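Student: I have a structure here, written as structure tokens, and I will follow up with some questions on it.
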Amino acid sequence: MAEKGKVCVTGAGGYVASWVVKLLLSKGYIVHGTVREPSDEKYSHLKKLEKASENLKLFKADLLEYNTLCSAIAGCDGVFHVASPVPPTTVVPNPEVELMEPAVKGTLNVLKACTEAKVKRVVVVSSGYAVMRNPRWPKGKVKDETCWSDKEYCRTTENWYCLSKTEAETEALEYAKKSGLDVVRVCPTLVLGPILQSTINASSLVLIKLLKGNTTCTLPNVLMMDLVKQGYSKVYIKIFFRLYVVLT
Ligand SMILES: NC(=O)c1ccc[n+]([C@@H]2O[C@H](COP(=O)([O-])OP(=O)(O)OC[C@H]3O[C@@H](n4cnc5c(N)ncnc54)[C@H](OP(=O)(O)O)[C@@H]3O)[C@@H](O)[C@H]2O)c1
């Protein structure tokens, strides 16, 4: 297959990002994956992906270290910004440091590095949580791109993950408007399906808790069946990819 260009995936070893890397490699892209510690065993699954030995290069990068991001993004045509902290519980002792900074400042760092590298398109993985926590939205009305989670409500209810994703997406939108960078935002809800990595991520933990009969963790039955049958992770990853390719 002819070389299709270089694409960077942030947080390449995470649950969602690993699937993005796999898909991009299978389509013939050269992938620059950012990870925080390339020698860590937890990223070994990436090196085993088909075509990884020739086409995957891992870069040590942290969302809060701008220069490390620049090195990974340099020379890339596109970027999938997937990295963002996803806590396994709602208890977050220091939300500013643990969530807000890497999510918000991290996203801006990635976008600035994209501008510097003259990247053609960036897909920012936001979240349904940037949309759904809005108590003032009329009941029954479909939530669309005009609906945002209420940041003050997120703060008072201490829903820090929700706040981090809402703030990060808002800033990404503002940055795109000001800079002219082509930024596509996607808001997946719960992503479930087979995992490629050896560690358990937060959304897979929800499924494990449900399967173990944990009654503090609930999801509507119909939704659950649908999610598991379809292997939602694959559906979402294909959508991210289409947003990247079809719209260019
Ligand atoms: N899974 C879902 O249900 C779901 C739903 C909606 C949206 N999302 C979004 O999808 C993205 C990936 O989530 P996931 O479920 O795949 O979670 P995950 O497996 O925990 O992946 C999160 C990734 O972010 C990286 N990261 C966190 N802080 C970082 C920092 N300061 N610098 C560099 N990398 C950092 C982590 O790197 P390390 O490996 O080094 O820790 C990890 O690779 C997130 O943006 C999340 O908000 C997920």
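Each chain of the structure tokens is named A, B, ... in the order shown, its residues numbered from 1; ligands are numbered from 1 in display order.
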Could you tell me, counting only C-alpha atoms and all ligand atoms, which protein and nucleic acid residues lie no more than 8 Å from ligand 1, written as a VMD selection string?
Tutor: chain A and resid 10 to 18 34 to 37 42 to 43 61 to 64 81 to 87 99 102 to 103 106 124 to 129 161 165 187 to 192 200 to 204
Student: Would you mind exporting N, CA and C atoms of the selected residues as a compact mmCIF listing (two decimals), in the first residue's frame?
Tutor:
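This went into again_0.txt:
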# COMPACT_ATOMS: atom_id res chain seq x y z
N THR A 10 -2.05 11.34 20.13
CA THR A 10 -1.59 11.61 21.50
C THR A 10 -2.14 10.56 22.45
N GLY A 11 -1.33 10.24 23.46
CA GLY A 11 -1.75 9.23 24.44
C GLY A 11 -1.96 7.88 23.79
N ALA A 12 -1.04 7.53 22.87
CA ALA A 12 -1.23 6.37 21.99
C ALA A 12 -1.50 5.05 22.71
N GLY A 13 -1.02 4.90 23.94
CA GLY A 13 -1.18 3.63 24.65
C GLY A 13 -2.51 3.47 25.35
N GLY A 14 -3.34 4.52 25.37
CA GLY A 14 -4.63 4.44 26.06
C GLY A 14 -5.61 3.56 25.30
N TYR A 15 -6.76 3.32 25.91
CA TYR A 15 -7.76 2.41 25.35
C TYR A 15 -8.23 2.86 23.96
N VAL A 16 -8.78 4.06 23.88
CA VAL A 16 -9.31 4.55 22.61
C VAL A 16 -8.17 4.77 21.60
N ALA A 17 -7.09 5.40 22.07
CA ALA A 17 -5.99 5.74 21.15
C ALA A 17 -5.35 4.50 20.54
N SER A 18 -5.27 3.41 21.30
CA SER A 18 -4.66 2.19 20.75
C SER A 18 -5.43 1.71 19.53
N THR A 34 2.32 9.45 20.87
CA THR A 34 2.96 9.99 22.07
C THR A 34 2.58 9.14 23.28
N VAL A 35 3.60 8.85 24.10
CA VAL A 35 3.39 8.13 25.36
C VAL A 35 4.26 8.82 26.41
N ARG A 36 3.90 8.64 27.69
CA ARG A 36 4.69 9.36 28.69
C ARG A 36 6.01 8.69 29.01
N GLU A 37 6.06 7.36 28.88
CA GLU A 37 7.30 6.64 29.18
C GLU A 37 7.48 5.48 28.20
N LYS A 42 3.58 -1.28 29.72
CA LYS A 42 2.15 -1.13 29.42
C LYS A 42 1.88 -0.68 27.98
N TYR A 43 2.94 -0.26 27.27
CA TYR A 43 2.75 0.13 25.87
C TYR A 43 3.18 -0.97 24.90
N ALA A 61 6.29 12.07 25.39
CA ALA A 61 5.70 13.42 25.45
C ALA A 61 4.68 13.50 26.57
N ASP A 62 4.64 14.67 27.18
CA ASP A 62 3.64 14.95 28.20
C ASP A 62 2.82 16.14 27.70
N LEU A 63 1.53 16.12 27.99
CA LEU A 63 0.66 17.21 27.51
C LEU A 63 1.07 18.56 28.07
N LEU A 64 1.75 18.56 29.19
CA LEU A 64 2.14 19.83 29.80
C LEU A 64 3.55 20.27 29.40
N HIS A 81 -5.98 14.08 18.69
CA HIS A 81 -5.66 14.41 20.09
C HIS A 81 -6.62 13.62 20.99
N VAL A 82 -6.10 12.53 21.51
CA VAL A 82 -6.93 11.61 22.30
C VAL A 82 -6.58 11.70 23.79
N ALA A 83 -5.32 11.99 24.12
CA ALA A 83 -4.87 11.97 25.52
C ALA A 83 -5.62 12.97 26.38
N SER A 84 -6.06 12.52 27.51
CA SER A 84 -6.68 13.37 28.53
C SER A 84 -6.91 12.45 29.73
N PRO A 85 -6.71 12.95 30.94
CA PRO A 85 -6.91 12.05 32.08
C PRO A 85 -8.38 11.64 32.23
N VAL A 86 -8.59 10.34 32.42
CA VAL A 86 -9.95 9.81 32.66
C VAL A 86 -9.91 9.07 34.00
N PRO A 87 -10.38 9.71 35.07
CA PRO A 87 -10.26 9.09 36.39
C PRO A 87 -11.18 7.88 36.55
N LEU A 99 -6.69 16.88 36.64
CA LEU A 99 -7.57 16.85 35.47
C LEU A 99 -7.54 18.12 34.61
N PRO A 102 -3.92 19.12 32.61
CA PRO A 102 -3.60 18.32 31.42
C PRO A 102 -4.68 18.36 30.35
N ALA A 103 -5.96 18.43 30.77
CA ALA A 103 -7.03 18.43 29.76
C ALA A 103 -7.04 19.76 29.00
N GLY A 106 -3.22 21.13 28.23
CA GLY A 106 -2.68 20.09 27.35
C GLY A 106 -3.27 20.18 25.95
N VAL A 124 -10.06 16.33 17.70
CA VAL A 124 -9.98 16.39 19.17
C VAL A 124 -11.06 15.49 19.74
N VAL A 125 -10.64 14.51 20.53
CA VAL A 125 -11.63 13.63 21.15
C VAL A 125 -12.13 14.29 22.43
N SER A 126 -13.34 14.82 22.34
CA SER A 126 -13.96 15.43 23.51
C SER A 126 -14.78 14.35 24.21
N SER A 127 -15.97 14.65 24.65
CA SER A 127 -16.77 13.64 25.35
C SER A 127 -18.23 14.06 25.39
N GLY A 128 -19.10 13.08 25.47
CA GLY A 128 -20.51 13.37 25.70
C GLY A 128 -20.70 14.16 26.98
N TYR A 129 -19.73 14.03 27.89
CA TYR A 129 -19.82 14.78 29.15
C TYR A 129 -19.66 16.29 28.94
N TYR A 161 -14.31 15.57 35.93
CA TYR A 161 -14.01 15.04 34.59
C TYR A 161 -14.88 15.78 33.57
N LYS A 165 -13.51 18.15 30.43
CA LYS A 165 -13.79 17.94 29.01
C LYS A 165 -14.55 19.13 28.41
N CYS A 187 -17.63 13.89 20.22
CA CYS A 187 -18.07 13.72 21.61
C CYS A 187 -18.63 12.31 21.81
N PRO A 188 -17.77 11.32 21.96
CA PRO A 188 -18.29 9.97 22.21
C PRO A 188 -18.93 9.89 23.59
N THR A 189 -19.88 8.98 23.73
CA THR A 189 -20.42 8.74 25.08
C THR A 189 -19.59 7.61 25.69
N LEU A 190 -20.21 6.58 26.19
CA LEU A 190 -19.40 5.52 26.82
C LEU A 190 -18.81 4.61 25.73
N VAL A 191 -17.50 4.47 25.72
CA VAL A 191 -16.84 3.64 24.71
C VAL A 191 -16.50 2.28 25.33
N LEU A 192 -17.08 1.23 24.78
CA LEU A 192 -16.85 -0.12 25.31
C LEU A 192 -16.54 -1.08 24.18
N ILE A 200 -6.43 -1.77 32.68
CA ILE A 200 -7.87 -1.50 32.56
C ILE A 200 -8.13 0.00 32.62
N ASN A 201 -8.79 0.51 31.61
CA ASN A 201 -9.15 1.94 31.60
C ASN A 201 -10.50 2.14 32.28
N ALA A 202 -10.84 3.42 32.53
CA ALA A 202 -12.02 3.73 33.32
C ALA A 202 -13.33 3.21 32.72
N SER A 203 -13.52 3.36 31.38
CA SER A 203 -14.82 2.94 30.83
C SER A 203 -14.94 1.41 30.83
N SER A 204 -13.83 0.70 30.62
CA SER A 204 -13.89 -0.77 30.67
C SER A 204 -14.19 -1.23 32.10
Student: Could you pull out the residues in segment 14-106 of chain A that DSSP calls alpha helix (DSSP H) from the backbone, as an MDAnalysis selection string?
Tutor: chainID A and resid 15:26 44:47 52:55 66:73 95 106
Student: When distances are computed from only C-alpha atoms, which of A:Leu173, A:Pro194, A:Thr90, A:Cys114 shows the smallest separation from Ile208 of chain A?
Tutor: A:Pro194
Student: DSSP on the backbone: what in segment 26-214 of chain A comes out strand (DSSP E or B), as a PDB file with N, CA and C atoms, in the first residue's frame?
Tutor:
ATOM      1  N   ILE A  30       1.876   6.369   8.427  1.00  0.00           N
ATOM      2  CA  ILE A  30       3.004   6.370   9.357  1.00  0.00           C
ATOM      3  C   ILE A  30       2.466   7.050  10.618  1.00  0.00           C
ATOM      4  N   VAL A  31       2.603   6.401  11.754  1.00  0.00           N
ATOM      5  CA  VAL A  31       2.002   6.951  12.986  1.00  0.00           C
ATOM      6  C   VAL A  31       3.069   7.368  13.989  1.00  0.00           C
ATOM      7  N   HIS A  32       2.937   8.615  14.455  1.00  0.00           N
ATOM      8  CA  HIS A  32       3.746   9.094  15.578  1.00  0.00           C
ATOM      9  C   HIS A  32       2.860   9.011  16.821  1.00  0.00           C
ATOM     10  N   GLY A  33       3.172   8.112  17.717  1.00  0.00           N
ATOM     11  CA  GLY A  33       2.352   7.984  18.933  1.00  0.00           C
ATOM     12  C   GLY A  33       3.063   8.629  20.108  1.00  0.00           C
ATOM     13  N   THR A  34       2.322   9.449  20.870  1.00  0.00           N
ATOM     14  CA  THR A  34       2.955   9.995  22.073  1.00  0.00           C
ATOM     15  C   THR A  34       2.583   9.137  23.277  1.00  0.00           C
ATOM     16  N   VAL A  35       3.603   8.855  24.100  1.00  0.00           N
ATOM     17  CA  VAL A  35       3.388   8.135  25.363  1.00  0.00           C
ATOM     18  C   VAL A  35       4.257   8.816  26.409  1.00  0.00           C
ATOM     19  N   LEU A  56       5.280   2.589  12.984  1.00  0.00           N
ATOM     20  CA  LEU A  56       4.909   3.267  14.242  1.00  0.00           C
ATOM     21  C   LEU A  56       6.164   3.733  14.972  1.00  0.00           C
ATOM     22  N   LYS A  57       6.181   5.032  15.300  1.00  0.00           N
ATOM     23  CA  LYS A  57       7.289   5.561  16.090  1.00  0.00           C
ATOM     24  C   LYS A  57       6.700   6.175  17.366  1.00  0.00           C
ATOM     25  N   LEU A  58       7.223   5.746  18.502  1.00  0.00           N
ATOM     26  CA  LEU A  58       6.722   6.297  19.767  1.00  0.00           C
ATOM     27  C   LEU A  58       7.611   7.442  20.235  1.00  0.00           C
ATOM     28  N   PHE A  59       6.957   8.514  20.680  1.00  0.00           N
ATOM     29  CA  PHE A  59       7.659   9.693  21.190  1.00  0.00           C
ATOM     30  C   PHE A  59       7.311   9.876  22.657  1.00  0.00           C
ATOM     31  N   LYS A  60       8.316  10.198  23.452  1.00  0.00           N
ATOM     32  CA  LYS A  60       8.067  10.501  24.867  1.00  0.00           C
ATOM     33  C   LYS A  60       7.520  11.927  24.927  1.00  0.00           C
ATOM     34  N   GLY A  78      -1.712  15.202   9.996  1.00  0.00           N
ATOM     35  CA  GLY A  78      -2.892  15.204  10.850  1.00  0.00           C
ATOM     36  C   GLY A  78      -2.560  14.764  12.259  1.00  0.00           C
ATOM     37  N   VAL A  79      -3.448  15.136  13.186  1.00  0.00           N
ATOM     38  CA  VAL A  79      -3.256  14.744  14.592  1.00  0.00           C
ATOM     39  C   VAL A  79      -4.598  14.288  15.166  1.00  0.00           C
ATOM     40  N   PHE A  80      -4.568  13.173  15.873  1.00  0.00           N
ATOM     41  CA  PHE A  80      -5.719  12.759  16.675  1.00  0.00           C
ATOM     42  C   PHE A  80      -5.347  13.061  18.116  1.00  0.00           C
ATOM     43  N   HIS A  81      -5.976  14.081  18.694  1.00  0.00           N
ATOM     44  CA  HIS A  81      -5.661  14.405  20.092  1.00  0.00           C
ATOM     45  C   HIS A  81      -6.621  13.618  20.990  1.00  0.00           C
ATOM     46  N   ARG A 121      -5.231  18.937   9.624  1.00  0.00           N
ATOM     47  CA  ARG A 121      -6.489  18.682  10.361  1.00  0.00           C
ATOM     48  C   ARG A 121      -6.194  18.032  11.709  1.00  0.00           C
ATOM     49  N   VAL A 122      -6.936  18.467  12.729  1.00  0.00           N
ATOM     50  CA  VAL A 122      -6.802  17.874  14.066  1.00  0.00           C
ATOM     51  C   VAL A 122      -8.164  17.339  14.489  1.00  0.00           C
ATOM     52  N   VAL A 123      -8.203  16.085  14.920  1.00  0.00           N
ATOM     53  CA  VAL A 123      -9.437  15.541  15.494  1.00  0.00           C
ATOM     54  C   VAL A 123      -9.249  15.538  17.006  1.00  0.00           C
ATOM     55  N   VAL A 124     -10.058  16.331  17.701  1.00  0.00           N
ATOM     56  CA  VAL A 124      -9.978  16.393  19.166  1.00  0.00           C
ATOM     57  C   VAL A 124     -11.058  15.490  19.738  1.00  0.00           C
ATOM     58  N   VAL A 125     -10.639  14.512  20.525  1.00  0.00           N
ATOM     59  CA  VAL A 125     -11.631  13.627  21.146  1.00  0.00           C
ATOM     60  C   VAL A 125     -12.128  14.289  22.431  1.00  0.00           C
ATOM     61  N   VAL A 183      -9.990  22.206  13.132  1.00  0.00           N
ATOM     62  CA  VAL A 183     -10.184  21.344  14.304  1.00  0.00           C
ATOM     63  C   VAL A 183     -11.562  20.692  14.234  1.00  0.00           C
ATOM     64  N   VAL A 184     -11.599  19.369  14.283  1.00  0.00           N
ATOM     65  CA  VAL A 184     -12.867  18.641  14.315  1.00  0.00           C
ATOM     66  C   VAL A 184     -13.019  18.078  15.717  1.00  0.00           C
ATOM     67  N   ARG A 185     -14.191  18.284  16.313  1.00  0.00           N
ATOM     68  CA  ARG A 185     -14.391  17.772  17.676  1.00  0.00           C
ATOM     69  C   ARG A 185     -15.392  16.628  17.642  1.00  0.00           C
ATOM     70  N   VAL A 186     -15.096  15.565  18.384  1.00  0.00           N
ATOM     71  CA  VAL A 186     -16.057  14.460  18.481  1.00  0.00           C
ATOM     72  C   VAL A 186     -16.371  14.230  19.954  1.00  0.00           C
TER      73      VAL A 186
END
Student: Glu50 of chain A: which residues within 10 Å, counting only C-alpha atoms, same-chain residues fewer than 5 positions away excluded, as a VMD selection string?
Tutor: chain A and resid 22 to 23 25 to 26 55 to 56
Student: The selected residues should be written to file as an mmCIF file, in the first residue's frame (atoms: C-alpha atoms).
Tutor:
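Below you can see out_28.cif, which holds the result:
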data_model
loop_
_atom_site.group_PDB
_atom_site.id
_atom_site.type_symbol
_atom_site.label_atom_id
_atom_site.label_comp_id
_atom_site.auth_asym_id
_atom_site.auth_seq_id
_atom_site.Cartn_x
_atom_site.Cartn_y
_atom_site.Cartn_z
ATOM 1 C CA LYS A 22 -4.263 0.167 14.943
ATOM 2 C CA LEU A 23 -6.693 1.531 12.351
ATOM 3 C CA LEU A 25 -1.483 1.500 10.664
ATOM 4 C CA SER A 26 -3.866 -0.837 8.854
ATOM 5 C CA ASN A 55 5.344 2.479 10.542
ATOM 6 C CA LEU A 56 4.909 3.267 14.242
#
Student: Of the candidates A:Lys120, A:Lys112, A:Lys47, A:Lys178, which one gets nearest to Gly5 of chain A if we count only C-alpha atoms?
Tutor: A:Lys120
Student: Identify, on the basis of only C-alpha atoms, every residue whose closest approach to Tyr66 of chain A does not exceed 8 Å; exclude the query and any residue fewer than 3 positions from it along the same chain; express the result as a PDB file with N, CA and C atoms, in the first residue's frame.
Tutor:
ATOM      1  N   ASP A  62       4.644  14.668  27.182  1.00  0.00           N
ATOM      2  CA  ASP A  62       3.638  14.949  28.202  1.00  0.00           C
ATOM      3  C   ASP A  62       2.819  16.143  27.703  1.00  0.00           C
ATOM      4  N   LEU A  63       1.531  16.116  27.989  1.00  0.00           N
ATOM      5  CA  LEU A  63       0.660  17.206  27.515  1.00  0.00           C
ATOM      6  C   LEU A  63       1.072  18.562  28.066  1.00  0.00           C
ATOM      7  N   LEU A  69       5.672  17.741  22.721  1.00  0.00           N
ATOM      8  CA  LEU A  69       4.575  17.574  21.757  1.00  0.00           C
ATOM      9  C   LEU A  69       5.019  18.015  20.368  1.00  0.00           C
ATOM     10  N   CYS A  70       5.781  19.130  20.338  1.00  0.00           N
ATOM     11  CA  CYS A  70       6.250  19.647  19.038  1.00  0.00           C
ATOM     12  C   CYS A  70       7.083  18.597  18.313  1.00  0.00           C
ATOM     13  N   ASN A 109      -1.821  23.170  24.221  1.00  0.00           N
ATOM     14  CA  ASN A 109      -0.439  22.882  23.812  1.00  0.00           C
ATOM     15  C   ASN A 109      -0.417  22.076  22.518  1.00  0.00           C
ATOM     16  N   VAL A 110      -1.279  21.066  22.457  1.00  0.00           N
ATOM     17  CA  VAL A 110      -1.330  20.233  21.243  1.00  0.00           C
ATOM     18  C   VAL A 110      -1.733  21.092  20.040  1.00  0.00           C
ATOM     19  N   ALA A 113       1.045  23.383  18.949  1.00  0.00           N
ATOM     20  CA  ALA A 113       2.090  22.602  18.264  1.00  0.00           C
ATOM     21  C   ALA A 113       1.627  22.247  16.844  1.00  0.00           C
TER      22      ALA A 113
END
Student: Restricting the calculation to only C-alpha atoms: of A:Glu116, A:Asp40, A:Glu145, A:Glu54, which residue gets closest to Glu169 of chain A?
Tutor: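 Nearest candidate to Glu169 of chain A out of A:Glu116, A:Asp40, A:Glu145, A:Glu54: A:Glu145.
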Student: Pick out the closest residue to Ala168 of chain A from this set: A:Leu49, A:Val21, A:Met100, A:Cys8. Count only C-alpha atoms.
Tutor: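 Checking each candidate against Ala168 of chain A, we get A:Met100 as the closest.
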Student: How far is it from atom CA of Val119 of chain A to atom CA of Glu65 of chain A, in Å with one decimal?
Tutor: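 We find that atom CA of Val119 of chain A and atom CA of Glu65 of chain A lie 18.8 Å from each other.
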Student: Please compute the atom CA of Pro95 of chain A-atom CA of Asn134 of chain A distance, one decimal, in Å.
Tutor: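 Answer for the atom CA of Pro95 of chain A to atom CA of Asn134 of chain A separation: 20.3 Å.
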Student: Quick one: distance from atom CA of Leu163 of chain A to atom CA of Lys151 of chain A in Å, one decimal?
Tutor: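 Taking atom CA of Leu163 of chain A as the start and atom CA of Lys151 of chain A as the end point, the length is 5.8 Å.
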